file target.txt (compact mmCIF, C-alpha atoms and all ligand atoms)
# COMPACT_ATOMS: atom_id res chain seq x y z
CA MET A 26 -16.58 9.57 -3.32
CA ALA A 27 -15.96 6.24 -1.61
CA SER A 28 -14.30 4.51 -4.52
CA VAL A 29 -12.58 5.77 -7.63
CA VAL A 30 -12.41 2.49 -9.50
CA GLY A 31 -14.73 0.09 -11.22
CA HIS A 32 -13.76 -3.53 -10.81
CA ALA A 33 -10.66 -4.17 -8.78
CA PRO A 34 -9.19 -7.64 -9.41
CA ALA A 35 -7.60 -10.09 -7.01
CA VAL A 36 -3.81 -10.25 -7.35
CA MET A 37 -2.39 -13.75 -7.60
CA VAL A 38 1.22 -14.76 -7.02
CA ARG A 39 2.07 -18.18 -8.41
CA GLY A 40 5.33 -20.11 -8.24
CA LEU A 41 7.32 -16.92 -7.94
CA GLY A 42 11.08 -17.26 -8.03
CA LEU A 43 13.61 -14.45 -7.89
CA SER A 44 17.33 -14.18 -7.22
CA MET A 45 19.25 -10.92 -7.06
CA ASP A 46 23.02 -10.62 -6.90
CA GLY A 47 23.23 -14.38 -6.44
CA GLN A 48 20.87 -14.29 -3.43
CA CYS A 49 17.64 -16.26 -3.59
CA ILE A 50 14.86 -13.89 -2.53
CA PHE A 51 11.84 -16.01 -3.49
CA ASP A 52 11.51 -19.67 -4.39
CA ASN A 53 8.13 -20.93 -5.53
CA LEU A 54 6.18 -18.27 -3.60
CA ASP A 55 2.39 -18.41 -3.76
CA GLY A 56 -0.34 -16.14 -2.44
CA THR A 57 -3.62 -14.49 -3.36
CA PHE A 58 -4.55 -10.96 -2.37
CA PRO A 59 -8.34 -10.67 -2.48
CA ALA A 60 -10.21 -8.38 -4.85
CA ALA A 61 -11.38 -4.99 -3.58
CA ARG A 62 -9.93 -5.61 -0.13
CA LEU A 63 -7.10 -4.09 1.83
CA THR A 64 -4.43 -6.72 2.46
CA VAL A 65 -1.73 -6.11 5.05
CA LEU A 66 1.70 -7.69 4.67
CA LEU A 67 3.77 -8.06 7.82
CA GLY A 68 7.27 -9.45 8.03
CA GLY A 69 10.76 -8.92 9.34
CA SER A 70 13.20 -6.49 7.83
CA GLY A 71 14.81 -7.70 4.61
CA ILE A 72 12.37 -10.60 4.11
CA GLY A 73 11.30 -9.29 0.69
CA LYS A 74 8.13 -7.24 1.22
CA THR A 75 9.18 -4.28 -0.92
CA THR A 76 10.59 -6.63 -3.55
CA LEU A 77 7.24 -8.41 -3.74
CA LEU A 78 5.44 -5.09 -4.26
CA ARG A 79 7.96 -4.15 -6.95
CA LEU A 80 7.23 -7.45 -8.69
CA VAL A 81 3.47 -6.77 -8.51
CA ALA A 82 4.11 -3.30 -9.93
CA GLY A 83 6.03 -4.82 -12.82
CA LEU A 84 9.21 -2.98 -11.84
CA ILE A 85 11.09 -6.29 -11.54
CA VAL A 86 10.64 -9.35 -13.73
CA PRO A 87 10.64 -12.68 -11.83
CA ASP A 88 12.95 -15.53 -12.85
CA THR A 89 10.11 -18.03 -12.60
CA GLY A 90 6.38 -17.97 -12.04
CA GLY A 91 4.37 -14.82 -12.25
CA ILE A 92 1.82 -12.39 -10.92
CA SER A 93 -1.57 -12.06 -12.51
CA ALA A 94 -4.95 -10.44 -12.00
CA GLY A 95 -7.98 -12.50 -11.01
CA ASP A 96 -9.99 -11.11 -13.93
CA GLY A 97 -7.49 -12.46 -16.46
CA LEU A 98 -6.59 -9.00 -17.75
CA PRO A 99 -3.01 -7.68 -17.60
CA LEU A 100 -2.02 -5.87 -14.41
CA SER A 101 0.10 -3.48 -16.41
CA GLY A 102 -1.29 0.05 -16.28
CA ARG A 103 -3.67 -0.82 -13.41
CA VAL A 104 -1.29 -0.44 -10.46
CA GLY A 105 -0.64 2.65 -8.32
CA TRP A 106 2.16 3.10 -5.77
CA MET A 107 2.43 5.02 -2.53
CA GLY A 108 5.63 4.78 -0.50
CA GLN A 109 7.10 6.06 2.75
CA ASN A 110 8.71 8.88 0.82
CA ASP A 111 5.96 11.08 -0.61
CA MET A 112 8.15 11.89 -3.65
CA LEU A 113 6.48 15.27 -4.14
CA LEU A 114 8.27 17.59 -6.55
CA PRO A 115 9.45 20.46 -4.32
CA TRP A 116 9.14 23.11 -7.02
CA ALA A 117 5.59 22.17 -8.08
CA ARG A 118 2.37 23.37 -6.47
CA VAL A 119 0.31 20.83 -4.55
CA ASP A 120 -2.30 20.50 -7.31
CA ASP A 121 0.40 20.18 -9.97
CA ASN A 122 1.95 17.38 -7.92
CA VAL A 123 -1.40 15.59 -7.88
CA MET A 124 -1.66 15.92 -11.68
CA LEU A 125 1.95 14.89 -12.30
CA GLY A 126 0.97 11.63 -14.01
CA SER A 127 -1.02 13.50 -16.66
CA ARG A 128 1.91 15.77 -17.33
CA LEU A 129 4.36 12.86 -17.62
CA ARG A 130 2.05 11.11 -20.07
CA GLY A 131 1.58 14.29 -22.11
CA GLU A 132 -2.16 14.33 -21.37
CA PRO A 133 -4.19 17.43 -20.50
CA PRO A 134 -4.36 17.60 -16.70
CA ASP A 135 -7.79 17.27 -15.11
CA ARG A 136 -7.58 20.16 -12.67
CA ALA A 137 -11.19 19.79 -11.50
CA ARG A 138 -10.53 16.18 -10.53
CA ALA A 139 -7.31 17.10 -8.73
CA HIS A 140 -9.10 19.81 -6.80
CA ASP A 141 -11.97 17.49 -5.93
CA LEU A 142 -9.50 14.94 -4.55
CA LEU A 143 -7.65 17.63 -2.60
CA ASP A 144 -11.00 18.71 -1.13
CA GLN A 145 -11.64 15.14 -0.06
CA VAL A 146 -8.30 14.78 1.68
CA GLY A 147 -8.92 18.11 3.44
CA LEU A 148 -6.39 20.17 1.53
CA SER A 149 -8.53 22.53 -0.52
CA ALA A 150 -6.85 25.50 1.16
CA SER A 151 -3.39 24.26 0.16
CA ARG A 152 -3.94 23.65 -3.57
CA THR A 153 -1.47 26.30 -4.65
CA ALA A 154 1.05 25.82 -1.83
CA LEU A 155 4.48 24.32 -2.36
CA PRO A 156 5.17 21.01 -0.57
CA SER A 157 7.72 22.73 1.67
CA ALA A 158 4.85 24.63 3.33
CA LEU A 159 3.10 21.40 4.39
CA SER A 160 3.47 19.11 7.40
CA GLY A 161 4.45 15.45 6.94
CA GLY A 162 0.84 14.34 7.32
CA MET A 163 -0.37 16.93 4.79
CA ARG A 164 2.31 15.80 2.33
CA GLN A 165 1.15 12.19 2.65
CA ARG A 166 -2.41 13.35 2.01
CA VAL A 167 -1.19 14.96 -1.22
CA ALA A 168 0.56 11.70 -2.10
CA LEU A 169 -2.71 9.84 -1.46
CA ALA A 170 -4.60 12.28 -3.69
CA ARG A 171 -1.98 11.74 -6.40
CA VAL A 172 -2.43 7.96 -6.24
CA LEU A 173 -6.22 8.35 -6.40
CA TYR A 174 -5.94 10.79 -9.32
CA GLU A 175 -4.39 7.92 -11.29
CA ASN A 176 -7.58 5.89 -10.82
CA ARG A 177 -5.79 2.55 -10.59
CA PRO A 178 -7.77 -0.41 -9.23
CA VAL A 179 -4.69 -1.94 -7.56
CA VAL A 180 -2.81 0.22 -5.06
CA LEU A 181 0.50 -0.80 -3.49
CA MET A 182 1.48 0.95 -0.25
CA ASP A 183 5.00 0.48 1.07
CA GLU A 184 4.93 1.71 4.68
CA PRO A 185 3.25 4.97 3.65
CA PHE A 186 2.48 6.09 7.21
CA SER A 187 5.58 4.95 9.06
CA ALA A 188 7.23 8.37 9.19
CA LEU A 189 4.15 10.07 10.64
CA ASP A 190 3.48 10.75 14.31
CA SER A 191 1.01 8.36 15.97
CA LEU A 192 -2.00 10.67 15.91
CA THR A 193 -1.50 11.69 12.28
CA ARG A 194 -1.08 8.03 11.41
CA LEU A 195 -4.44 7.17 12.98
CA ARG A 196 -6.07 9.98 11.00
CA MET A 197 -4.44 8.74 7.79
CA HIS A 198 -5.97 5.33 8.46
CA GLU A 199 -9.43 6.91 8.42
CA LEU A 200 -8.72 8.72 5.20
CA ALA A 201 -6.99 5.87 3.39
CA ALA A 202 -9.67 3.34 4.34
CA ARG A 203 -12.39 5.64 3.02
CA MET A 204 -10.60 6.76 -0.14
CA LEU A 205 -9.27 3.32 -1.11
CA SER A 206 -12.56 1.53 -0.57
CA GLY A 207 -13.15 -0.66 -3.61
CA CYS A 208 -9.47 -0.88 -4.58
CA THR A 209 -7.36 -3.97 -4.19
CA THR A 210 -4.78 -2.56 -1.82
CA ILE A 211 -1.62 -4.22 -0.50
CA LEU A 212 -0.18 -2.39 2.51
CA ILE A 213 3.22 -3.14 4.00
CA THR A 214 3.61 -2.19 7.62
CA HIS A 215 5.79 -3.03 10.61
CA ASP A 216 3.14 -1.74 12.99
CA PRO A 217 0.83 -4.38 14.53
CA LEU A 218 -1.68 -1.70 15.50
CA GLU A 219 -1.86 -0.50 11.91
CA ALA A 220 -2.21 -4.09 10.73
CA CYS A 221 -5.09 -4.77 13.14
CA ARG A 222 -6.88 -1.52 12.29
CA MET A 223 -6.57 -1.79 8.54
CA ALA A 224 -6.42 -5.45 7.49
CA GLN A 225 -9.29 -7.03 5.61
CA ALA A 226 -6.81 -9.81 4.86
CA LEU A 227 -3.53 -10.32 6.71
CA PHE A 228 -0.37 -12.19 5.69
CA MET A 229 2.84 -12.80 7.59
CA MET A 230 5.90 -13.10 5.34
CA GLY A 231 8.67 -15.24 6.74
CA GLY A 232 10.59 -18.47 6.70
CA ALA A 233 13.23 -19.91 4.45
CA PRO A 234 12.23 -20.09 1.69
CA VAL A 235 9.94 -17.14 2.28
CA ARG A 236 6.25 -17.96 2.46
CA LEU A 237 3.07 -15.87 2.65
CA SER A 238 1.07 -17.22 5.59
CA PRO A 239 -2.50 -15.99 6.02
CA LEU A 240 -3.29 -14.97 9.59
CA SER A 241 -6.78 -14.95 10.94
CA LEU A 242 -6.99 -12.82 14.02
CA PRO A 243 -10.13 -12.29 16.05
CA LEU A 244 -10.99 -8.78 14.88
CA SER A 245 -14.34 -7.08 15.32
CA GLY A 246 -16.16 -5.08 12.70
CA GLY A 247 -15.76 -7.57 9.85
CA MET A 248 -14.61 -5.70 6.75
CA ASP A 249 -15.31 -2.26 8.24
CA ILE A 250 -12.01 -0.43 8.54
CA PRO A 251 -10.32 1.25 10.22
CA ARG A 252 -11.20 -0.58 13.42
CA ALA A 253 -11.49 1.51 16.58
CA VAL A 254 -8.13 1.99 18.22
CA ASP A 255 -9.58 1.42 21.71
CA ASP A 256 -11.48 -1.75 20.84
CA PRO A 257 -10.40 -4.41 23.40
CA VAL A 258 -10.63 -7.11 20.71
CA LEU A 259 -8.25 -5.14 18.51
CA LEU A 260 -5.85 -4.53 21.39
CA SER A 261 -5.76 -8.23 22.16
CA ALA A 262 -5.16 -9.05 18.45
CA GLN A 263 -2.37 -6.48 18.43
CA ALA A 264 -0.71 -8.22 21.40
CA ASP A 265 -1.06 -11.53 19.59
CA LEU A 266 0.67 -10.08 16.52
CA TRP A 267 3.51 -8.73 18.64
CA ARG A 268 3.99 -12.21 20.11
CA ARG A 269 4.10 -13.79 16.65
CA MET A 270 6.51 -11.17 15.34
CA LEU A 271 8.82 -11.55 18.34
CA ALA A 272 8.78 -15.32 17.92
CA SER A 273 9.49 -15.23 14.16
N1 LIG B 301 18.15 -4.19 -6.18
C1 LIG B 301 18.57 -5.19 -5.38
N2 LIG B 301 19.70 -5.89 -5.65
C2 LIG B 301 20.10 -6.89 -4.86
N3 LIG B 301 19.46 -7.28 -3.75
C3 LIG B 301 18.35 -6.62 -3.41
C4 LIG B 301 17.85 -5.54 -4.19
N4 LIG B 301 16.70 -5.07 -3.62
C5 LIG B 301 16.53 -5.83 -2.50
N5 LIG B 301 17.51 -6.74 -2.39
C6 LIG B 301 17.62 -7.73 -1.31
O1 LIG B 301 16.40 -8.43 -1.25
C7 LIG B 301 16.06 -8.73 0.10
C8 LIG B 301 14.68 -8.23 0.38
O2 LIG B 301 14.70 -6.79 0.41
P1 LIG B 301 13.36 -5.95 0.61
O3 LIG B 301 13.72 -4.51 0.56
O4 LIG B 301 12.33 -6.42 -0.33
O5 LIG B 301 12.95 -6.37 2.09
P2 LIG B 301 11.82 -5.77 3.04
O6 LIG B 301 11.12 -6.92 3.65
O7 LIG B 301 10.98 -4.79 2.30
O8 LIG B 301 12.70 -5.02 4.13
P3 LIG B 301 12.37 -3.74 5.06
O9 LIG B 301 11.22 -4.14 5.91
O10 LIG B 301 13.62 -3.56 5.85
O11 LIG B 301 12.07 -2.60 4.15
C9 LIG B 301 17.14 -8.12 0.97
O12 LIG B 301 18.06 -9.13 1.32
C10 LIG B 301 17.79 -7.09 0.06
O13 LIG B 301 19.15 -6.94 0.38
call {"tool": "encode", "arguments": {"input": "target.txt", "output": "structure tokens"}}
result
Amino acid sequence: MASVVGHAPAVMVRGLGLSMDGQCIFDNLDGTFPAARLTVLLGGSGIGKTTLLRLVAGLIVPDTGGISAGDGLPLSGRVGWMGQNDMLLPWARVDDNVMLGSRLRGEPPDRARAHDLLDQVGLSASRTALPSALSGGMRQRVALARVLYENRPVVLMDEPFSALDSLTRLRMHELAARMLSGCTTILITHDPLEACRMAQALFMMGGAPVRLSPLSLPLSGGMDIPRAVDDPVLLSAQADLWRRMLAS
């Protein structure tokens, strides 16, 4: 199963303004995250990346402007979230964690679907395990299966792989790229390698006021992700990103 969604819309940020505790976070921020693509957001600590994702998720209401879907339909109910913390319930089995959304909504859980997704993320043998029996990478695969179970066309990922060791992170790139194909995904990362491997669109967040600047790096493979980690073109783009981040 390459994609779990039908039509994934673009996500458009227009004239966004937000202050919190008297601090201006965004002033007239604009940006468009393309439909059915994986967009990477890079930016310094505290610049507002997580806050922007929370606005897209509808968890915060902006003071001015807004966020809309390119198809004109409400975004509400069409957004999934995956964060650095897997937020698995420690007392629930792996498959029950995947089906948590159904339980919270009072719907009958679709166990066959949960098991199918666990098969696809390579965890069929761990369906009945408790999260405490899993490695960090396995736990993030459960979290990915839980996001996919929700079948949302827009998926927000707030540094979901940053706590994983390098090799597990590379493997998660393979899995996430395959499983999220067709979704409109916005991925926050601090890792230039991750950005270069995964981005089908790339934005640097920075400045005062904060702006979303599209970056076009010479990357091979077009929209095919993840890009090979030993690709010289990718390694050169990674060095370029480091330079930009150090200079910002
Ligand atoms: N609930 C809140 N109340 C007040 N200020 C907040 C709140 N949440 C975030 N902020 C402020 O908004 C700014 C942006 O924070 P945010 O977490 O979005 O940054 P970030 O780019 O995701 O940072 P990092 O990369 O370190 O996670 C920071 O100055 C932070 O202190």
call {"tool": "residues_near_ligand", "arguments": {"input": "target.txt", "ligand": "ligand LIG 301 (chain B)", "cutoff": "9 Å", "atoms": "all atoms listed in the file", "output": "JSON, numbers by chain"}}
result
{"A": [44, 45, 46, 47, 48, 49, 50, 67, 68, 69, 70, 71, 72, 73, 74, 75, 76, 77, 78, 79, 183, 184, 213, 214, 215, 230]}
call {"tool": "residues_around", "arguments": {"input": "target.txt", "residues": "Pro217 of chain A", "least_positions_apart": "6", "cutoff": "9 Å", "atoms": "only C-alpha atoms", "output": "tab-separated table (two decimals) with C-alpha atoms, in the coordinates of the input"}}
result
chain	number	residue	atom	x	y	z
A	67	LEU	CA	3.77	-8.06	7.82
A	262	ALA	CA	-5.16	-9.05	18.45
A	263	GLN	CA	-2.37	-6.48	18.43
A	264	ALA	CA	-0.71	-8.22	21.40
A	265	ASP	CA	-1.06	-11.53	19.59
A	266	LEU	CA	0.67	-10.08	16.52
A	267	TRP	CA	3.51	-8.73	18.64
A	270	MET	CA	6.51	-11.17	15.34
call {"tool": "atom_distance", "arguments": {"input": "target.txt", "atom1": "atom CA of Pro178 of chain A", "atom2": "atom CA of Leu148 of chain A"}}
result
23.3 Å
call {"tool": "closest_atom_pairs", "arguments": {"input": "target.txt", "of": "segment 27-95 of chain A", "to": "segment 246-253 of chain A", "cutoff": "12 Å", "atoms": "only C-alpha atoms", "output": "CSV"}}
result
residue,atom,partner,partner_atom,distance
A:Ala61,CA,A:Met248,CA,10.8
A:Arg62,CA,A:Met248,CA,8.3
A:Leu63,CA,A:Ile250,CA,9.1
A:Thr64,CA,A:Met248,CA,11.1
call {"tool": "residues_around", "arguments": {"input": "target.txt", "residues": "Leu195 of chain A", "least_positions_apart": "4", "cutoff": "12 Å", "atoms": "all atoms listed in the file", "output": "ChimeraX atom specification"}}
result
/A:162,186-187,189-191,199-202,216,218-223,250-255
call {"tool": "residues_around", "arguments": {"input": "target.txt", "residues": "Ala82 of chain A", "least_positions_apart": "4", "cutoff": "12 Å", "atoms": "all atoms listed in the file", "output": "list in words"}}
result
Val36, Thr75, Thr76, Leu77, Leu78, Val86, Pro87, Gly91, Ile92, Ser93, Ala94, Pro99, Leu100, Ser101, Gly102, Arg103, Val104, Gly105, Trp106, Met107, Arg177, Val179, Val180, Leu181, Met182, Asp183 and Ile211 of chain A
call {"tool": "residues_around", "arguments": {"input": "target.txt", "residues": "Val146 of chain A", "least_positions_apart": "4", "cutoff": "8 Å", "atoms": "all atoms listed in the file", "output": "list in words"}}
result
Leu142, Arg166, Val167, Ala170 and Leu200 of chain A
call {"tool": "atom_distance", "arguments": {"input": "target.txt", "atom1": "atom CA of Arg171 of chain A", "atom2": "atom CA of Leu113 of chain A"}}
result
9.4 Å
call {"tool": "atom_distance", "arguments": {"input": "target.txt", "atom1": "atom CA of Asp52 of chain A", "atom2": "atom CA of Thr89 of chain A"}}
result
8.5 Å
call {"tool": "closest_residue", "arguments": {"input": "target.txt", "among": "A:Arg130, A:Leu43, A:Leu54, A:Met204", "to": "Arg236 of chain A", "atoms": "only C-alpha atoms"}}
result
A:Leu54
call {"tool": "residues_near_point", "arguments": {"input": "target.txt", "point": "(-9.9, -2.9, -7.1)", "cutoff": "6 Å", "atoms": "only C-alpha atoms", "output": "list in words"}}
result
His32, Ala33, Pro34, Ala60, Ala61, Pro178, Val179, Gly207, Cys208 and Thr209 of chain A
call {"tool": "closest_residue", "arguments": {"input": "target.txt", "among": "A:Asp88, A:Asp144, A:Glu132, A:Asp111", "to": "Gly42 of chain A", "atoms": "all atoms listed in the file"}}
result
A:Asp88
call {"tool": "closest_residue", "arguments": {"input": "target.txt", "among": "A:Asn110, A:Gln165, A:Ser160, A:Asn176", "to": "Met124 of chain A", "atoms": "only C-alpha atoms"}}
result
A:Asn176
call {"tool": "residues_near_point", "arguments": {"input": "target.txt", "point": "(2.0, 25.6, -1.1)", "cutoff": "12 Å", "atoms": "only C-alpha atoms", "output": "CSV table (one decimal) with C-alpha atoms, keeping the file's coordinate frame"}}
result
chain,number,residue,atom,x,y,z
A,113,LEU,CA,6.5,15.3,-4.1
A,114,LEU,CA,8.3,17.6,-6.6
A,115,PRO,CA,9.4,20.5,-4.3
A,116,TRP,CA,9.1,23.1,-7.0
A,117,ALA,CA,5.6,22.2,-8.1
A,118,ARG,CA,2.4,23.4,-6.5
A,119,VAL,CA,0.3,20.8,-4.6
A,120,ASP,CA,-2.3,20.5,-7.3
A,121,ASP,CA,0.4,20.2,-10.0
A,122,ASN,CA,2.0,17.4,-7.9
A,148,LEU,CA,-6.4,20.2,1.5
A,149,SER,CA,-8.5,22.5,-0.5
A,150,ALA,CA,-6.8,25.5,1.2
A,151,SER,CA,-3.4,24.3,0.2
A,152,ARG,CA,-3.9,23.6,-3.6
A,153,THR,CA,-1.5,26.3,-4.6
A,154,ALA,CA,1.0,25.8,-1.8
A,155,LEU,CA,4.5,24.3,-2.4
A,156,PRO,CA,5.2,21.0,-0.6
A,157,SER,CA,7.7,22.7,1.7
A,158,ALA,CA,4.8,24.6,3.3
A,159,LEU,CA,3.1,21.4,4.4
A,160,SER,CA,3.5,19.1,7.4
A,163,MET,CA,-0.4,16.9,4.8
A,164,ARG,CA,2.3,15.8,2.3
A,167,VAL,CA,-1.2,15.0,-1.2
call {"tool": "closest_residue", "arguments": {"input": "target.txt", "among": "A:Val123, A:Ala35, A:Leu41, A:Ala188", "to": "Pro234 of chain A", "atoms": "all atoms listed in the file"}}
result
A:Leu41
call {"tool": "closest_residue", "arguments": {"input": "target.txt", "among": "A:Leu125, A:Met112, A:Leu240, A:Val235", "to": "Gly40 of chain A", "atoms": "only C-alpha atoms"}}
result
A:Val235
call {"tool": "decode", "arguments": {"input": "target.txt", "residues": "segment 157-177 of chain A", "atoms": "N, CA and C atoms", "output": "PDB file, in the first residue's frame"}}
result
ATOM      1  N   SER A 157       6.980  -1.031  26.070  1.00  0.00           N
ATOM      2  CA  SER A 157       8.231  -1.122  26.827  1.00  0.00           C
ATOM      3  C   SER A 157       9.155  -2.217  26.291  1.00  0.00           C
ATOM      4  N   ALA A 158       8.590  -3.152  25.517  1.00  0.00           N
ATOM      5  CA  ALA A 158       9.410  -4.246  24.974  1.00  0.00           C
ATOM      6  C   ALA A 158      10.046  -3.861  23.644  1.00  0.00           C
ATOM      7  N   LEU A 159       9.791  -2.636  23.159  1.00  0.00           N
ATOM      8  CA  LEU A 159      10.271  -2.256  21.822  1.00  0.00           C
ATOM      9  C   LEU A 159      11.446  -1.291  21.901  1.00  0.00           C
ATOM     10  N   SER A 160      12.270  -1.303  20.849  1.00  0.00           N
ATOM     11  CA  SER A 160      13.347  -0.315  20.725  1.00  0.00           C
ATOM     12  C   SER A 160      12.741   1.030  20.304  1.00  0.00           C
ATOM     13  N   GLY A 161      13.579   2.080  20.366  1.00  0.00           N
ATOM     14  CA  GLY A 161      13.107   3.418  19.965  1.00  0.00           C
ATOM     15  C   GLY A 161      12.623   3.438  18.524  1.00  0.00           C
ATOM     16  N   GLY A 162      13.365   2.762  17.642  1.00  0.00           N
ATOM     17  CA  GLY A 162      12.974   2.736  16.240  1.00  0.00           C
ATOM     18  C   GLY A 162      11.667   1.979  16.028  1.00  0.00           C
ATOM     19  N   MET A 163      11.500   0.873  16.769  1.00  0.00           N
ATOM     20  CA  MET A 163      10.249   0.110  16.666  1.00  0.00           C
ATOM     21  C   MET A 163       9.080   0.956  17.172  1.00  0.00           C
ATOM     22  N   ARG A 164       9.301   1.685  18.244  1.00  0.00           N
ATOM     23  CA  ARG A 164       8.230   2.533  18.796  1.00  0.00           C
ATOM     24  C   ARG A 164       7.820   3.606  17.780  1.00  0.00           C
ATOM     25  N   GLN A 165       8.808   4.173  17.079  1.00  0.00           N
ATOM     26  CA  GLN A 165       8.446   5.187  16.080  1.00  0.00           C
ATOM     27  C   GLN A 165       7.720   4.556  14.897  1.00  0.00           C
ATOM     28  N   ARG A 166       8.016   3.283  14.624  1.00  0.00           N
ATOM     29  CA  ARG A 166       7.267   2.602  13.555  1.00  0.00           C
ATOM     30  C   ARG A 166       5.815   2.385  13.984  1.00  0.00           C
ATOM     31  N   VAL A 167       5.606   2.106  15.267  1.00  0.00           N
ATOM     32  CA  VAL A 167       4.224   1.995  15.768  1.00  0.00           C
ATOM     33  C   VAL A 167       3.532   3.356  15.630  1.00  0.00           C
ATOM     34  N   ALA A 168       4.259   4.419  15.995  1.00  0.00           N
ATOM     35  CA  ALA A 168       3.671   5.760  15.906  1.00  0.00           C
ATOM     36  C   ALA A 168       3.313   6.092  14.454  1.00  0.00           C
ATOM     37  N   LEU A 169       4.164   5.645  13.521  1.00  0.00           N
ATOM     38  CA  LEU A 169       3.868   5.876  12.099  1.00  0.00           C
ATOM     39  C   LEU A 169       2.616   5.093  11.694  1.00  0.00           C
ATOM     40  N   ALA A 170       2.531   3.848  12.140  1.00  0.00           N
ATOM     41  CA  ALA A 170       1.339   3.039  11.827  1.00  0.00           C
ATOM     42  C   ALA A 170       0.084   3.700  12.407  1.00  0.00           C
ATOM     43  N   ARG A 171       0.218   4.281  13.590  1.00  0.00           N
ATOM     44  CA  ARG A 171      -0.948   4.937  14.214  1.00  0.00           C
ATOM     45  C   ARG A 171      -1.383   6.158  13.404  1.00  0.00           C
ATOM     46  N   VAL A 172      -0.431   6.932  12.906  1.00  0.00           N
ATOM     47  CA  VAL A 172      -0.783   8.076  12.056  1.00  0.00           C
ATOM     48  C   VAL A 172      -1.479   7.588  10.792  1.00  0.00           C
ATOM     49  N   LEU A 173      -0.931   6.527  10.177  1.00  0.00           N
ATOM     50  CA  LEU A 173      -1.498   6.031   8.927  1.00  0.00           C
ATOM     51  C   LEU A 173      -2.881   5.425   9.148  1.00  0.00           C
ATOM     52  N   TYR A 174      -3.088   4.822  10.310  1.00  0.00           N
ATOM     53  CA  TYR A 174      -4.400   4.244  10.647  1.00  0.00           C
ATOM     54  C   TYR A 174      -5.484   5.328  10.568  1.00  0.00           C
ATOM     55  N   GLU A 175      -5.100   6.554  10.915  1.00  0.00           N
ATOM     56  CA  GLU A 175      -6.062   7.654  10.929  1.00  0.00           C
ATOM     57  C   GLU A 175      -6.445   8.122   9.528  1.00  0.00           C
ATOM     58  N   ASN A 176      -5.641   7.716   8.516  1.00  0.00           N
ATOM     59  CA  ASN A 176      -6.022   7.971   7.128  1.00  0.00           C
ATOM     60  C   ASN A 176      -6.239   9.455   6.836  1.00  0.00           C
ATOM     61  N   ARG A 177      -5.339  10.286   7.360  1.00  0.00           N
ATOM     62  CA  ARG A 177      -5.467  11.736   7.140  1.00  0.00           C
ATOM     63  C   ARG A 177      -4.603  12.135   5.950  1.00  0.00           C
TER      64      ARG A 177
END
